[in-house]
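Novice: My questions will all concern the structure given below.
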Amino acid sequence: MAYLASPYKTAEIVRKYDFAFRKKFGQNFLIDPSVLEDIMDAAGITKDDTVLEIGPGIGTMTQYLAERAGKVIAVEIDSALIPILKDTLSEYDNVKVINDDILKLDINKLAQEEAGGKPFKVAANLPYYITTPIIMELLEKNVPLESITIMVQKEVAARMMTGPGSKDYGALSLAVQYYCRPEIVTEAGPQCFMPRPAVSSTVIKLERYGDLPVKPEDPEYMFKLIRASFNHRRKTLANGLSNDASLKLSREQVTEALGKMGLKEDIRGEKLTLEQFAELSGILGQQSVN
């Protein structure tokens with residue numbers, strides 16, 4: 001089987017199966033072999049690895065993964081692609097294709113069944129419309145993973161990398177930087193895909209920390225504060241957190257906590273570092289207990 005990473009080969013497969021790209025699934029197939037090589041190199045995949053691929057499409061990246069990994073689990077939501085994958089991946093006996101929605105799968109159970117609970121690696125050309133939910137699912141559910149090497153929209157990669165004070169800084173930035181060390185791998189223009197998207201893309205690697213950079217007393221509560229602070233981005237932190245019904249905090253409680261940290265009462269959430277959110281959650285969490 002020839003590699004699928006070319007405009008000619010991809011078009012041939014699409015014609016052969018009379019496949020219709022479905023916008024609701026965000027289908028843009030990679031056709032640039034150099035980008036795929038960059039992904040493989042960054043992910044550092046070996047025969048000791050089990051790799052989870054999300055959205056294999058016609059199997060373009062899956063071929064590269066299968067030749068390097070011990071085992072590949074490819075989860076594809078579009079049932080129309082399953083017979084195509086059966087054809088394009090017929091030469092590989094180390095690939096398992098699952099026709100399901102990754103956000104509805106029990107990924108921890110999948111990891112136990114397919115990798116014996118050993119940390120696996122994620123590699124994917126993610127559909128843009130569900131990039132953030134997938135990343136948050138992988139990170140917040142404590143899935144046993146070593147790294148995530150993914151193609152995302154350029155603006156999303158910027159949000160993952162940025163720090164306090166930037167307009168791109170938000171809950172995604174803080175979640176990624178709490179769990180992982182993010183690193184930009186390469187850029188990919190619209191010409192690298194079929195059909196061409198309207199935006200540019202970035203390959204980013206998120207390497208899971210063995211030792212977390214901050215250790216809040218209650219990580220779940222810290223992220224409740226983070227989400228609430230960015231849900232009310234235009235408000236001061238004191239107003240935003242006190243107006244969030246789920247937190248049950250008064251403006252005075254928040255202002256007092258900020259004062260203990262040496263922060264002004266009119267500060268906004270976008271100015272706080274991850275370390276400061278951890279400290280704030282410790283103070284406010286203690287107050288809610290008392």
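Here, A, B, ... name the chains of the structure tokens in the order displayed, residue numbers run from 1 inside each chain, and ligands are numbered from 1 in the same displayed order.
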As a ChimeraX atom specification, please: the residues near range 197-209 of chain A (cut-off 6 Å, only C-alpha atoms, same-chain neighbours under 4 positions excluded).
Specialist: /A:146-154,179-190
Novice: List every residue of range 148-184 of chain A that DSSP, applied to the backbone of this structure, places in strand (DSSP E), and write the result as a PDB file with N, CA and C atoms, in the first residue's frame.
Specialist:
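As written to disk, selection_22.pdb reads:
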```pdb
ATOM      1  N   ILE A 148       0.924  14.332  24.181  1.00  0.00           N
ATOM      2  CA  ILE A 148      -0.097  14.585  23.164  1.00  0.00           C
ATOM      3  C   ILE A 148       0.571  15.412  22.069  1.00  0.00           C
ATOM      4  N   THR A 149       0.647  14.860  20.854  1.00  0.00           N
ATOM      5  CA  THR A 149       1.231  15.592  19.731  1.00  0.00           C
ATOM      6  C   THR A 149       0.137  15.752  18.693  1.00  0.00           C
ATOM      7  N   ILE A 150      -0.323  16.989  18.507  1.00  0.00           N
ATOM      8  CA  ILE A 150      -1.540  17.206  17.742  1.00  0.00           C
ATOM      9  C   ILE A 150      -1.434  18.399  16.788  1.00  0.00           C
ATOM     10  N   MET A 151      -2.189  18.290  15.718  1.00  0.00           N
ATOM     11  CA  MET A 151      -2.387  19.397  14.786  1.00  0.00           C
ATOM     12  C   MET A 151      -3.624  20.153  15.224  1.00  0.00           C
ATOM     13  N   VAL A 152      -3.474  21.465  15.471  1.00  0.00           N
ATOM     14  CA  VAL A 152      -4.608  22.283  15.896  1.00  0.00           C
ATOM     15  C   VAL A 152      -4.607  23.593  15.110  1.00  0.00           C
ATOM     16  N   GLN A 153      -5.682  24.332  15.227  1.00  0.00           N
ATOM     17  CA  GLN A 153      -5.734  25.659  14.617  1.00  0.00           C
ATOM     18  C   GLN A 153      -4.659  26.542  15.254  1.00  0.00           C
ATOM     19  N   CYS A 180       0.952  19.998  31.545  1.00  0.00           N
ATOM     20  CA  CYS A 180       1.911  19.664  30.490  1.00  0.00           C
ATOM     21  C   CYS A 180       2.936  20.761  30.243  1.00  0.00           C
ATOM     22  N   ARG A 181       3.991  20.358  29.561  1.00  0.00           N
ATOM     23  CA  ARG A 181       4.973  21.300  29.026  1.00  0.00           C
ATOM     24  C   ARG A 181       4.679  21.450  27.530  1.00  0.00           C
ATOM     25  N   PRO A 182       4.100  22.589  27.095  1.00  0.00           N
ATOM     26  CA  PRO A 182       3.749  22.747  25.681  1.00  0.00           C
ATOM     27  C   PRO A 182       4.938  23.208  24.840  1.00  0.00           C
ATOM     28  N   GLU A 183       5.019  22.693  23.627  1.00  0.00           N
ATOM     29  CA  GLU A 183       6.113  23.068  22.717  1.00  0.00           C
ATOM     30  C   GLU A 183       5.607  23.072  21.276  1.00  0.00           C
ATOM     31  N   ILE A 184       5.823  24.177  20.574  1.00  0.00           N
ATOM     32  CA  ILE A 184       5.447  24.253  19.167  1.00  0.00           C
ATOM     33  C   ILE A 184       6.409  23.401  18.342  1.00  0.00           C
TER      34      ILE A 184
END
```
Novice: Name the residues in contact with Ala175 in chain A at a cut-off of 10 Å, using only C-alpha atoms, excluding same-chain residues fewer than 3 positions from it; report them as number ranges by chain.
Specialist: A: 135-136, 139-140, 160, 170-172, 178-180, 223, 226, 274
Novice: Can you work out which one of A:Lys104, A:Glu53, A:His232, A:Ile130 has the shortest atom-to-atom distance to Lys24 in chain A, counting only C-alpha atoms?
Specialist: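 Checking each of A:Lys104, A:Glu53, A:His232, A:Ile130 against Lys24 in chain A, counting only C-alpha atoms, the winner is A:Ile130.
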Novice: Which one of A:Thr131, A:Asn99, A:Ser229, A:Asn239 sits closest to Ser281 in chain A if you count only C-alpha atoms?
Specialist: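 Among A:Thr131, A:Asn99, A:Ser229, A:Asn239, it is A:Ser229 that comes nearest to Ser281 in chain A.
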Novice: My list of candidates is A:Pro133, A:Gly269, A:Gly57, A:Gly259. Which is closest to Gly240 in chain A when distances are computed with only C-alpha atoms?
Specialist: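 Under the stated criterion, the closest residue is A:Gly269.
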Novice: With only C-alpha atoms as the atoms that count, which of A:Lys23, A:Asp38, A:Thr273, A:Lys47 lies nearest to Glu67 in chain A?
Specialist: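 Ranked by minimum distance to Glu67 in chain A, first place goes to A:Lys47.
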Novice: Contacts of Gln253 in chain A at 9 Å or less, counting only C-alpha atoms, minus same-chain residues fewer than 3 places along, as a PDB file with N, CA and C atoms, in the first residue's frame?
Specialist:
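Result went into part.pdb, see below:
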```pdb
ATOM      1  N   ALA A 238     -12.921  40.021  41.590  1.00  0.00           N
ATOM      2  CA  ALA A 238     -13.818  40.060  42.749  1.00  0.00           C
ATOM      3  C   ALA A 238     -15.284  40.002  42.311  1.00  0.00           C
ATOM      4  N   SER A 242     -17.633  36.480  42.644  1.00  0.00           N
ATOM      5  CA  SER A 242     -18.778  36.623  43.548  1.00  0.00           C
ATOM      6  C   SER A 242     -20.111  36.510  42.806  1.00  0.00           C
ATOM      7  N   LEU A 249     -19.412  32.696  46.799  1.00  0.00           N
ATOM      8  CA  LEU A 249     -18.434  33.586  47.409  1.00  0.00           C
ATOM      9  C   LEU A 249     -18.967  35.016  47.407  1.00  0.00           C
ATOM     10  N   SER A 250     -18.679  35.742  48.473  1.00  0.00           N
ATOM     11  CA  SER A 250     -19.045  37.152  48.494  1.00  0.00           C
ATOM     12  C   SER A 250     -17.903  37.971  47.910  1.00  0.00           C
ATOM     13  N   GLU A 256     -10.774  40.209  50.193  1.00  0.00           N
ATOM     14  CA  GLU A 256      -9.898  39.923  51.336  1.00  0.00           C
ATOM     15  C   GLU A 256      -8.792  38.941  50.947  1.00  0.00           C
ATOM     16  N   ALA A 257      -9.158  37.920  50.185  1.00  0.00           N
ATOM     17  CA  ALA A 257      -8.167  36.929  49.751  1.00  0.00           C
ATOM     18  C   ALA A 257      -7.116  37.566  48.854  1.00  0.00           C
ATOM     19  N   LEU A 258      -7.554  38.429  47.948  1.00  0.00           N
ATOM     20  CA  LEU A 258      -6.616  39.123  47.059  1.00  0.00           C
ATOM     21  C   LEU A 258      -5.675  40.006  47.870  1.00  0.00           C
ATOM     22  N   LEU A 284      -9.399  30.824  49.409  1.00  0.00           N
ATOM     23  CA  LEU A 284     -10.848  30.833  49.292  1.00  0.00           C
ATOM     24  C   LEU A 284     -11.463  29.475  49.656  1.00  0.00           C
ATOM     25  N   GLN A 287     -11.704  29.316  53.316  1.00  0.00           N
ATOM     26  CA  GLN A 287     -12.791  30.153  53.804  1.00  0.00           C
ATOM     27  C   GLN A 287     -14.131  29.450  53.669  1.00  0.00           C
TER      28      GLN A 287
END
```
Novice: Please run DSSP on the backbone and report, as a PyMOL selection string, all residues within range 68-286 of chain A that come out as helix (DSSP H, G or I).
Specialist: chain A and resi 68+79-88+107-115+128-140+154-161+171-179+190-192+219-231+237-242+251-260+269-271+274-286
Novice: Would you compute the distance between CA of Asp218 in chain A and CA of Ala115 in chain A? Give it in Å to one decimal.
Specialist: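 Computing the Euclidean distance for CA of Asp218 in chain A and CA of Ala115 in chain A yields 29.4 Å.
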Novice: Which residues are near Gln191 in chain A? Cut-off 10 Å, only C-alpha atoms, ignore same chain within fewer than 3 positions. Put them as JSON, numbers by chain.
Specialist: {"A": [7, 30, 31, 32, 188, 194, 195, 196, 197, 200]}
